[in-house]
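Next up, final03.cif (mmCIF, C-alpha atoms):
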```
data_model
loop_
_atom_site.label_atom_id
_atom_site.label_comp_id
_atom_site.auth_asym_id
_atom_site.auth_seq_id
_atom_site.Cartn_x
_atom_site.Cartn_y
_atom_site.Cartn_z
CA MET F 1321 22.04 -1.92 -14.20
CA LYS F 1322 23.99 0.94 -12.71
CA LYS F 1323 22.41 2.18 -9.49
CA LEU F 1324 22.31 5.61 -7.92
CA ILE F 1325 22.29 5.64 -4.11
CA TRP F 1326 19.96 8.13 -2.43
CA PRO F 1327 19.21 8.82 1.24
CA GLY F 1328 16.31 6.87 2.75
CA SER F 1329 12.91 8.14 1.60
CA THR F 1330 9.34 6.92 1.19
CA GLN F 1331 9.72 5.55 -2.34
CA LEU F 1332 7.39 2.54 -2.08
CA ALA F 1333 5.00 2.41 -5.07
CA PRO F 1334 2.20 2.09 -5.85
CA VAL F 1335 0.32 2.81 -2.68
CA PRO F 1336 -3.42 3.23 -2.20
CA ALA F 1337 -4.97 6.71 -1.99
CA VAL F 1338 -7.98 6.41 0.28
CA LEU F 1339 -10.46 8.69 2.01
CA VAL F 1340 -10.35 8.06 5.75
CA GLY F 1341 -13.59 9.06 7.48
CA THR F 1342 -13.79 10.21 11.09
CA GLY F 1343 -16.70 11.50 13.15
CA GLY F 1344 -19.56 10.44 15.33
CA ASN F 1345 -19.50 10.50 19.13
CA GLY F 1346 -19.63 14.31 19.13
CA PHE F 1347 -17.07 14.84 16.37
CA LYS F 1348 -17.91 16.51 13.06
CA ASN F 1349 -17.79 14.17 10.08
CA ASN F 1350 -14.54 14.65 8.20
CA LEU F 1351 -12.41 13.05 5.52
CA ILE F 1352 -8.63 12.92 5.26
CA THR F 1353 -6.76 11.55 2.27
CA ILE F 1354 -4.21 8.93 3.24
CA ALA F 1355 -1.62 7.27 1.00
CA TRP F 1356 0.38 5.91 3.92
CA ALA F 1357 -1.99 2.97 4.41
CA GLY F 1358 -1.44 -0.77 4.21
CA ILE F 1359 -2.73 -4.16 5.29
CA VAL F 1360 -0.86 -5.38 8.36
CA CYS F 1361 -2.56 -8.68 9.24
CA SER F 1362 -4.94 -11.17 7.59
CA ASP F 1363 -6.41 -12.80 10.70
CA PRO F 1364 -7.71 -10.68 12.27
CA ALA F 1365 -8.05 -8.41 9.23
CA MET F 1366 -6.08 -5.28 10.12
CA ILE F 1367 -5.01 -2.09 8.38
CA SER F 1368 -2.58 0.68 9.24
CA ILE F 1369 -2.93 4.38 8.53
CA ALA F 1370 -0.20 6.92 9.31
CA VAL F 1371 -1.45 10.36 10.40
CA ARG F 1372 0.42 13.49 11.46
CA PRO F 1373 -0.73 14.64 14.94
CA GLU F 1374 -1.33 18.18 13.62
CA ARG F 1375 -4.07 16.94 11.28
CA TYR F 1376 -7.65 17.92 12.07
CA SER F 1377 -8.77 14.25 12.01
CA TYR F 1378 -6.20 13.24 14.61
CA ALA F 1379 -8.25 14.12 17.72
CA ALA F 1380 -11.29 12.22 16.43
CA LEU F 1381 -9.15 9.18 15.62
CA VAL F 1382 -7.60 9.14 19.08
CA GLN F 1383 -10.80 9.83 21.01
CA THR F 1384 -13.41 7.84 19.06
CA ARG F 1385 -10.95 5.04 18.18
CA GLU F 1386 -12.94 4.49 14.98
CA PHE F 1387 -12.40 5.27 11.32
CA THR F 1388 -13.56 4.22 7.87
CA VAL F 1389 -11.31 3.56 4.90
CA ASN F 1390 -13.16 4.48 1.73
CA VAL F 1391 -11.50 3.10 -1.42
CA PRO F 1392 -12.18 5.54 -4.27
CA LEU F 1393 -12.59 5.05 -7.98
CA ALA F 1394 -9.97 6.46 -10.31
CA SER F 1395 -12.72 8.81 -11.54
CA GLN F 1396 -12.86 10.29 -8.02
CA ALA F 1397 -9.19 11.37 -8.08
CA ALA F 1398 -9.96 15.10 -7.96
CA ILE F 1399 -12.08 14.67 -4.81
CA VAL F 1400 -9.37 12.55 -3.20
CA ASP F 1401 -6.72 15.13 -4.05
CA TRP F 1402 -8.82 18.02 -2.73
CA CYS F 1403 -9.53 16.20 0.55
CA GLY F 1404 -5.76 15.82 0.97
CA VAL F 1405 -5.01 19.51 0.39
CA VAL F 1406 -7.67 21.34 2.42
CA SER F 1407 -8.40 20.96 6.15
CA GLY F 1408 -11.58 19.92 7.90
CA ARG F 1409 -10.98 22.91 10.19
CA ASP F 1410 -12.11 25.18 7.34
CA HIS F 1411 -14.27 22.92 5.17
CA ASP F 1412 -17.22 20.55 5.39
CA LYS F 1413 -15.74 18.11 2.90
CA PHE F 1414 -18.84 15.91 2.59
CA ALA F 1415 -21.10 18.90 1.83
CA GLU F 1416 -18.71 20.72 -0.51
CA LYS F 1417 -18.07 17.62 -2.62
CA HIS F 1418 -21.69 16.39 -2.48
CA LEU F 1419 -20.65 13.16 -0.80
CA THR F 1420 -23.15 11.11 1.19
CA ALA F 1421 -22.11 10.20 4.74
CA ALA F 1422 -23.61 7.04 6.20
CA GLY F 1423 -22.96 5.51 9.58
CA GLY F 1424 -21.16 2.21 9.62
CA SER F 1425 -22.87 -1.09 10.35
CA VAL F 1426 -20.68 -1.55 13.44
CA ILE F 1427 -19.11 1.86 14.09
CA ASN F 1428 -20.29 5.49 14.09
CA ALA F 1429 -17.56 7.01 11.89
CA PRO F 1430 -19.00 8.01 8.50
CA LEU F 1431 -18.48 6.05 5.33
CA VAL F 1432 -18.60 7.62 1.88
CA MET F 1433 -21.49 6.02 0.03
CA GLU F 1434 -20.08 7.05 -3.39
CA CYS F 1435 -16.89 5.01 -2.88
CA PRO F 1436 -17.26 1.41 -4.08
CA LEU F 1437 -15.59 -0.15 -1.07
CA ASN F 1438 -15.74 0.92 2.58
CA LEU F 1439 -13.83 -0.64 5.46
CA GLU F 1440 -15.12 -0.06 9.00
CA CYS F 1441 -12.20 -0.01 11.41
CA LYS F 1442 -11.62 0.07 15.16
CA VAL F 1443 -8.31 1.42 16.47
CA LYS F 1444 -6.36 -1.27 18.32
CA GLU F 1445 -3.02 0.44 18.79
CA ILE F 1446 -1.40 3.84 18.23
CA ILE F 1447 2.38 3.93 17.75
CA LYS F 1448 4.36 7.18 17.71
CA LEU F 1449 7.05 6.98 15.02
CA GLY F 1450 8.15 10.56 14.29
CA SER F 1451 6.33 12.82 11.85
CA HIS F 1452 3.42 10.35 11.86
CA ASP F 1453 1.53 8.28 14.40
CA LEU F 1454 0.65 4.82 13.15
CA PHE F 1455 -2.92 3.69 13.80
CA LEU F 1456 -3.41 -0.06 13.66
CA GLY F 1457 -7.08 -0.79 13.09
CA GLU F 1458 -9.08 -3.97 12.96
CA ILE F 1459 -11.36 -4.11 9.91
CA VAL F 1460 -14.62 -5.10 11.58
CA ALA F 1461 -16.91 -4.89 8.53
CA VAL F 1462 -16.71 -4.17 4.80
CA GLN F 1463 -19.38 -2.52 2.68
CA VAL F 1464 -19.42 -2.91 -1.10
CA SER F 1465 -21.52 -1.06 -3.66
CA GLU F 1466 -23.81 -3.50 -5.42
CA ASP F 1467 -22.62 -2.17 -8.81
CA PHE F 1468 -19.23 -3.70 -8.05
CA ILE F 1469 -20.46 -7.24 -7.58
CA ALA F 1470 -20.13 -9.50 -10.59
CA GLU F 1471 -22.75 -12.10 -11.51
CA SER F 1472 -20.54 -14.65 -9.72
CA GLY F 1473 -21.11 -12.75 -6.47
CA ARG F 1474 -17.44 -11.77 -6.31
CA LEU F 1475 -15.95 -8.29 -6.19
CA ASP F 1476 -15.32 -6.95 -9.68
CA LEU F 1477 -12.97 -4.00 -9.65
CA GLU F 1478 -12.94 -3.59 -13.39
CA ARG F 1479 -16.39 -2.08 -13.27
CA CYS F 1480 -16.75 1.68 -12.96
CA GLY F 1481 -13.16 2.33 -14.01
CA GLY F 1482 -11.31 0.59 -11.23
CA VAL F 1483 -9.65 1.96 -8.15
CA LEU F 1484 -7.16 4.77 -7.68
CA ALA F 1485 -3.41 4.24 -7.24
CA TYR F 1486 -0.75 6.72 -6.09
CA ALA F 1487 2.91 6.55 -7.04
CA HIS F 1488 5.59 9.14 -6.36
CA GLY F 1489 3.28 12.10 -6.19
CA HIS F 1490 0.99 11.14 -9.08
CA TYR F 1491 -2.44 9.51 -9.29
CA PHE F 1492 -3.02 6.63 -11.72
CA ASN F 1493 -5.79 4.28 -12.64
CA LEU F 1494 -4.97 0.59 -12.89
CA GLY F 1495 -4.08 -0.64 -16.35
CA GLU F 1496 -4.07 -4.13 -17.75
CA CYS F 1497 -4.72 -7.16 -15.55
CA ILE F 1498 -1.53 -9.23 -15.88
CA GLY F 1499 -2.64 -12.34 -14.00
CA HIS F 1500 -4.05 -13.65 -10.75
CA PHE F 1501 -2.13 -14.84 -7.71
CA GLY F 1502 -0.45 -18.13 -8.62
CA PHE F 1503 -0.56 -17.58 -12.39
CA SER F 1504 3.17 -18.27 -12.71
CA VAL F 1505 2.76 -21.90 -11.61
CA ARG F 1506 -0.83 -22.70 -12.53
CA LYS F 1507 -1.26 -25.05 -15.43
CA LYS F 1508 -3.88 -24.09 -17.99
CA SER F 1509 -7.31 -24.95 -16.57
CA GLY F 1510 -5.58 -26.94 -13.82
CA PRO F 1511 -5.33 -26.34 -10.09
CA LEU F 1512 -2.67 -24.23 -8.43
CA VAL F 1513 0.55 -26.23 -8.25
CA ARG F 1514 2.60 -25.32 -5.20
CA LYS F 1515 6.10 -26.44 -6.01
CA MET T 751 -25.79 3.18 -4.15
CA LYS T 752 -27.07 0.09 -2.39
CA LYS T 753 -24.40 -1.52 -0.21
CA LEU T 754 -23.78 -5.10 0.73
CA ILE T 755 -22.29 -5.66 4.18
CA TRP T 756 -19.56 -8.27 4.48
CA PRO T 757 -17.46 -9.42 7.45
CA GLY T 758 -14.16 -7.61 7.94
CA SER T 759 -11.49 -8.63 5.41
CA THR T 760 -8.33 -7.27 3.81
CA GLN T 761 -10.02 -5.45 0.91
CA LEU T 762 -7.69 -2.44 0.64
CA ALA T 763 -6.65 -1.84 -2.99
CA PRO T 764 -4.39 -1.36 -4.74
CA VAL T 765 -1.42 -2.43 -2.69
CA PRO T 766 2.20 -2.82 -3.76
CA ALA T 767 3.61 -6.25 -4.64
CA VAL T 768 7.27 -6.17 -3.70
CA LEU T 769 10.17 -8.59 -3.39
CA VAL T 770 11.56 -8.46 0.14
CA GLY T 771 15.17 -9.58 0.33
CA THR T 772 16.74 -11.20 3.38
CA GLY T 773 20.18 -12.68 3.96
CA GLY T 774 23.72 -11.85 4.96
CA ASN T 775 25.13 -12.43 8.44
CA GLY T 776 25.13 -16.20 7.89
CA PHE T 777 21.70 -16.42 6.30
CA LYS T 778 21.14 -17.59 2.73
CA ASN T 779 19.92 -14.89 0.38
CA ASN T 780 16.18 -15.21 -0.13
CA LEU T 781 13.21 -13.32 -1.54
CA ILE T 782 9.64 -13.26 -0.28
CA THR T 783 6.79 -11.55 -2.09
CA ILE T 784 4.87 -9.15 0.12
CA ALA T 785 1.67 -7.27 -0.68
CA TRP T 786 1.00 -6.38 2.95
CA ALA T 787 3.46 -3.47 2.86
CA GLY T 788 2.98 0.25 3.39
CA ILE T 789 4.68 3.49 4.31
CA VAL T 790 4.19 4.25 8.01
CA CYS T 791 6.19 7.44 8.58
CA SER T 792 7.79 10.19 6.48
CA ASP T 793 10.41 11.44 8.96
CA PRO T 794 12.16 9.16 9.60
CA ALA T 795 11.22 7.33 6.40
CA MET T 796 9.68 4.06 7.57
CA ILE T 797 7.93 1.11 5.98
CA SER T 798 5.96 -1.83 7.34
CA ILE T 799 5.90 -5.39 6.06
CA ALA T 800 3.62 -8.09 7.49
CA VAL T 801 5.11 -11.59 7.55
CA ARG T 802 3.73 -14.91 8.81
CA PRO T 803 6.11 -16.48 11.38
CA GLU T 804 6.05 -19.78 9.47
CA ARG T 805 7.68 -18.18 6.44
CA TYR T 806 11.27 -19.15 5.64
CA SER T 807 12.36 -15.47 5.64
CA TYR T 808 11.04 -14.89 9.14
CA ALA T 809 14.12 -16.12 11.05
CA ALA T 810 16.46 -13.98 8.95
CA LEU T 811 14.26 -10.92 9.45
CA VAL T 812 14.20 -11.38 13.23
CA GLN T 813 17.87 -12.23 13.64
CA THR T 814 19.56 -9.94 11.12
CA ARG T 815 17.02 -7.12 11.64
CA GLU T 816 17.63 -6.09 8.03
CA PHE T 817 15.68 -6.39 4.79
CA THR T 818 15.44 -4.86 1.34
CA VAL T 819 12.23 -3.87 -0.40
CA ASN T 820 12.66 -4.31 -4.14
CA VAL T 821 9.95 -2.57 -6.17
CA PRO T 822 9.39 -4.58 -9.36
CA LEU T 823 8.35 -3.59 -12.85
CA ALA T 824 4.97 -4.76 -14.14
CA SER T 825 6.97 -6.84 -16.63
CA GLN T 826 8.43 -8.77 -13.68
CA ALA T 827 5.00 -9.94 -12.45
CA ALA T 828 5.66 -13.63 -13.13
CA ILE T 829 8.85 -13.55 -11.03
CA VAL T 830 7.03 -11.74 -8.22
CA ASP T 831 4.20 -14.25 -8.31
CA TRP T 832 6.57 -17.24 -8.31
CA CYS T 833 8.55 -15.85 -5.36
CA GLY T 834 5.25 -15.64 -3.46
CA VAL T 835 4.24 -19.24 -4.18
CA VAL T 836 7.44 -21.26 -3.61
CA SER T 837 9.57 -21.35 -0.46
CA GLY T 838 13.20 -20.47 0.04
CA ARG T 839 13.47 -23.75 1.96
CA ASP T 840 13.33 -25.57 -1.38
CA HIS T 841 14.53 -23.01 -3.89
CA ASP T 842 17.39 -20.61 -4.53
CA LYS T 843 15.13 -17.90 -5.89
CA PHE T 844 17.91 -15.59 -7.09
CA ALA T 845 19.60 -18.39 -9.06
CA GLU T 846 16.46 -19.96 -10.49
CA LYS T 847 15.13 -16.61 -11.76
CA HIS T 848 18.56 -15.33 -12.88
CA LEU T 849 18.35 -12.36 -10.52
CA THR T 850 21.46 -10.52 -9.40
CA ALA T 851 21.92 -10.12 -5.65
CA ALA T 852 23.95 -7.15 -4.48
CA GLY T 853 24.72 -6.11 -0.93
CA GLY T 854 23.16 -2.89 0.23
CA SER T 855 25.12 0.33 0.67
CA VAL T 856 24.32 0.31 4.40
CA ILE T 857 23.01 -3.21 5.15
CA ASN T 858 24.02 -6.76 4.22
CA ALA T 859 20.59 -8.05 3.06
CA PRO T 860 20.59 -8.56 -0.72
CA LEU T 861 18.93 -6.20 -3.14
CA VAL T 862 17.64 -7.29 -6.53
CA MET T 863 19.63 -5.39 -9.14
CA GLU T 864 16.98 -6.00 -11.82
CA CYS T 865 14.29 -4.12 -9.86
CA PRO T 866 14.25 -0.38 -10.61
CA LEU T 867 13.93 0.72 -7.01
CA ASN T 868 15.46 -0.82 -3.90
CA LEU T 869 14.88 0.28 -0.32
CA GLU T 870 17.43 -0.72 2.32
CA CYS T 871 15.66 -1.19 5.66
CA LYS T 872 16.60 -1.77 9.29
CA VAL T 873 14.02 -3.37 11.58
CA LYS T 874 13.03 -1.00 14.40
CA GLU T 875 10.08 -2.85 15.91
CA ILE T 876 8.28 -6.20 15.57
CA ILE T 877 4.61 -6.33 16.60
CA LYS T 878 2.69 -9.60 16.89
CA LEU T 879 -0.82 -9.10 15.50
CA GLY T 880 -2.21 -12.59 14.80
CA SER T 881 -1.56 -14.45 11.56
CA HIS T 882 1.18 -11.92 10.76
CA ASP T 883 3.97 -10.17 12.62
CA LEU T 884 4.39 -6.54 11.61
CA PHE T 885 7.97 -5.42 10.96
CA LEU T 886 8.46 -1.66 11.14
CA GLY T 887 11.63 -0.76 9.28
CA GLU T 888 13.53 2.46 8.81
CA ILE T 889 14.42 3.05 5.16
CA VAL T 890 18.10 3.90 5.55
CA ALA T 891 19.00 4.15 1.85
CA VAL T 892 17.36 3.94 -1.57
CA GLN T 893 18.95 2.65 -4.76
CA VAL T 894 17.53 3.56 -8.16
CA SER T 895 18.42 2.11 -11.55
CA GLU T 896 19.90 4.82 -13.73
CA ASP T 897 17.45 3.93 -16.53
CA PHE T 898 14.66 5.25 -14.33
CA ILE T 899 16.08 8.72 -13.91
CA ALA T 900 14.66 11.37 -16.22
CA GLU T 901 16.80 14.14 -17.74
CA SER T 902 15.51 16.37 -14.91
CA GLY T 903 17.25 14.08 -12.42
CA ARG T 904 13.89 12.97 -10.98
CA LEU T 905 12.49 9.47 -10.75
CA ASP T 906 10.53 8.60 -13.88
CA LEU T 907 8.31 5.61 -13.32
CA GLU T 908 6.79 5.71 -16.78
CA ARG T 909 9.98 4.31 -18.22
CA CYS T 910 10.33 0.56 -18.57
CA GLY T 911 6.59 -0.05 -18.22
CA GLY T 912 6.03 1.21 -14.72
CA VAL T 913 5.66 -0.60 -11.46
CA LEU T 914 3.47 -3.52 -10.42
CA ALA T 915 0.20 -3.15 -8.49
CA TYR T 916 -1.87 -5.83 -6.73
CA ALA T 917 -5.61 -5.63 -6.15
CA HIS T 918 -7.88 -8.36 -4.81
CA GLY T 919 -5.76 -11.25 -5.96
CA HIS T 920 -4.76 -9.86 -9.36
CA TYR T 921 -1.65 -8.12 -10.66
CA PHE T 922 -1.97 -4.93 -12.71
CA ASN T 923 0.27 -2.41 -14.33
CA LEU T 924 -0.47 1.26 -13.76
CA GLY T 925 -2.59 2.91 -16.41
CA GLU T 926 -3.06 6.55 -17.21
CA CYS T 927 -1.53 9.29 -15.06
CA ILE T 928 -4.54 11.30 -13.86
CA GLY T 929 -2.70 14.15 -12.15
CA HIS T 930 -0.09 15.07 -9.59
CA PHE T 931 -0.64 15.79 -5.90
CA GLY T 932 -2.45 19.13 -5.64
CA PHE T 933 -3.85 19.09 -9.19
CA SER T 934 -7.38 19.72 -7.93
CA VAL T 935 -6.47 23.18 -6.62
CA ARG T 936 -3.52 24.17 -8.79
CA LYS T 937 -4.20 26.88 -11.30
CA LYS T 938 -2.80 26.33 -14.77
CA SER T 939 0.92 27.14 -14.75
CA GLY T 940 0.49 28.63 -11.27
CA PRO T 941 1.75 27.48 -7.88
CA LEU T 942 -0.10 25.13 -5.58
CA VAL T 943 -2.92 27.02 -3.85
CA ARG T 944 -3.60 25.65 -0.38
CA LYS T 945 -7.08 26.78 0.50
#
```

Output the file's structure as structure tokens, nothing else.
Amino acid sequence: MKKLIWPGSTQLAPVPAVLVGTGGNGFKNNLITIAWAGIVCSDPAMISIAVRPERYSYAALVQTREFTVNVPLASQAAIVDWCGVVSGRDHDKFAEKHLTAAGGSVINAPLVMECPLNLECKVKEIIKLGSHDLFLGEIVAVQVSEDFIAESGRLDLERCGGVLAYAHGHYFNLGECIGHFGFSVRKKSGPLVRK
Amino acid sequence: MKKLIWPGSTQLAPVPAVLVGTGGNGFKNNLITIAWAGIVCSDPAMISIAVRPERYSYAALVQTREFTVNVPLASQAAIVDWCGVVSGRDHDKFAEKHLTAAGGSVINAPLVMECPLNLECKVKEIIKLGSHDLFLGEIVAVQVSEDFIAESGRLDLERCGGVLAYAHGHYFNLGECIGHFGFSVRKKSGPLVRK
């Protein structure tokens, strides 16, 4: 259990790797790949994305105060990677990757129809932190591809290869399902026991 | 590609499932499991954790303004789950799960020696959002178990079964490595080509 001590760095893992969509209200539709994303509140449902001000999407985020978070499949890793390497200044990412942009149900920013899960978000707060500005967004609607709904009516991530994870510079799919929340205290076929 | 539209909810996936350590400065050492965590800035390295004010760890977080983020192995899923179900009011989580608490190199909050990766964090800002308060912390040091360092001197997550992921109420290990950042534009054995 010997430990090496390193300077502070962004070693949290795994993190999501999502396509953030901006556009509408006079802005060109664009996608930016974001791994610095996380849930920040359950009620209201809120998400954070961290974006460098020099990014092409930044102006649209600040001025439209809307974005979509499109959760990709592991099979879409090459598209996600490409959208994180090239800039919307030089590329029409939707057209070049044959992605279908659709307006949100509540907002005008584009969602990626090919991603199984799309979160429609409204910017509530922007916090300057250093290299990145933190956008806190309320998740005002969620869209789910019908293919991802199990017979029970619940979301079934296992279908279509599951979602994409990012850890220390590498993309992964999810492996084995180890258990559900509460499995460590749940008796077989019994209710959750909160000790 | 038919979509169902749902109300806004916290559907981002995958997210990390980490053990957040609090204590020192007169507070009992405790662990709280957090999935609402994310990187929020690269320079300075910063992380966010979202915590309900009614949680036992909340007072220590606010008053010590220190915490550790302990990234667990997939094989530690049952411990992570248990620490998210029971309260530090009733349990000594370190003792009951035979975990070794060590003081940080910079802070007094306890890190979990058995976790491969430990982030030492100082609270910079607390933002009230609703059900959760968002703690923005600077990552002031990182500790890594020697077993996780490859011959190259780099972090090697593949060892020891990899880290734990959480997606829609279920724990997963990471599966196949699909590629590294930039793989979509990197020529074989060539440098990264930014288009």

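Ranking T:Arg936, T:His882, T:Lys753, T:Lys872 by their shortest atom-to-atom distance to Val819 in chain T, with only C-alpha atoms included, puts T:Lys872 first.
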
**Report entry** From T:Val770, T:Leu861, T:Ala852, T:Ile889, residue lying nearest chain F [only C-alpha atoms]
**Finding:**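 Distance minimum relative to chain F lands on T:Ile889.
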
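For the residues T:Thr850, T:Gln826, T:Asn775, T:Ser792, ranking by smallest atom-to-atom distance to chain F using only C-alpha atoms places T:Ser792 first.
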
Query - Counting only C-alpha atoms, the option among F:Ser1425, F:Thr1342, F:Thr1388, F:Thr1353 closest to Pro757 in chain T - result: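 The shortest atom-to-atom distance to Pro757 in chain T comes from F:Ser1425.
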
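Among the candidate residues F:Gly1473, F:Gly1482, F:Gly1495, F:Gly1341, the one lying nearest to chain T is F:Gly1495, with distances computed using all atoms listed in the file.
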
Query raised in the report: When the PyMOL selection byres ((chain T) within 6 of (chain F)) is applied to the file above, which residues end up in the set, as an MDAnalysis selection string?
Result: chainID T and resid 752:760 764:766 786:791 793 795 800 828 832 836 880:882 889:896 919:931 934 945

Query raised in the report: Quick one: residues within 8 Å of Ser1377 in chain F, all atoms listed in the file counted, chain neighbours fewer than 3 positions away excluded, as a ChimeraX atom specification?
Result: /F:1342,1350-1352,1380-1381,1408

Box time for range 1377-1384 of chain F: axis-aligned, enclosing all its listed atoms, 8 Å extra on each side; report centre and edge lengths in Å to one decimal, as lines of an AutoDock Vina configuration file.
```
center_x = -9.8
center_y = 11.0
center_z = 16.5
size_x = 23.2
size_y = 22.4
size_z = 25.0
```
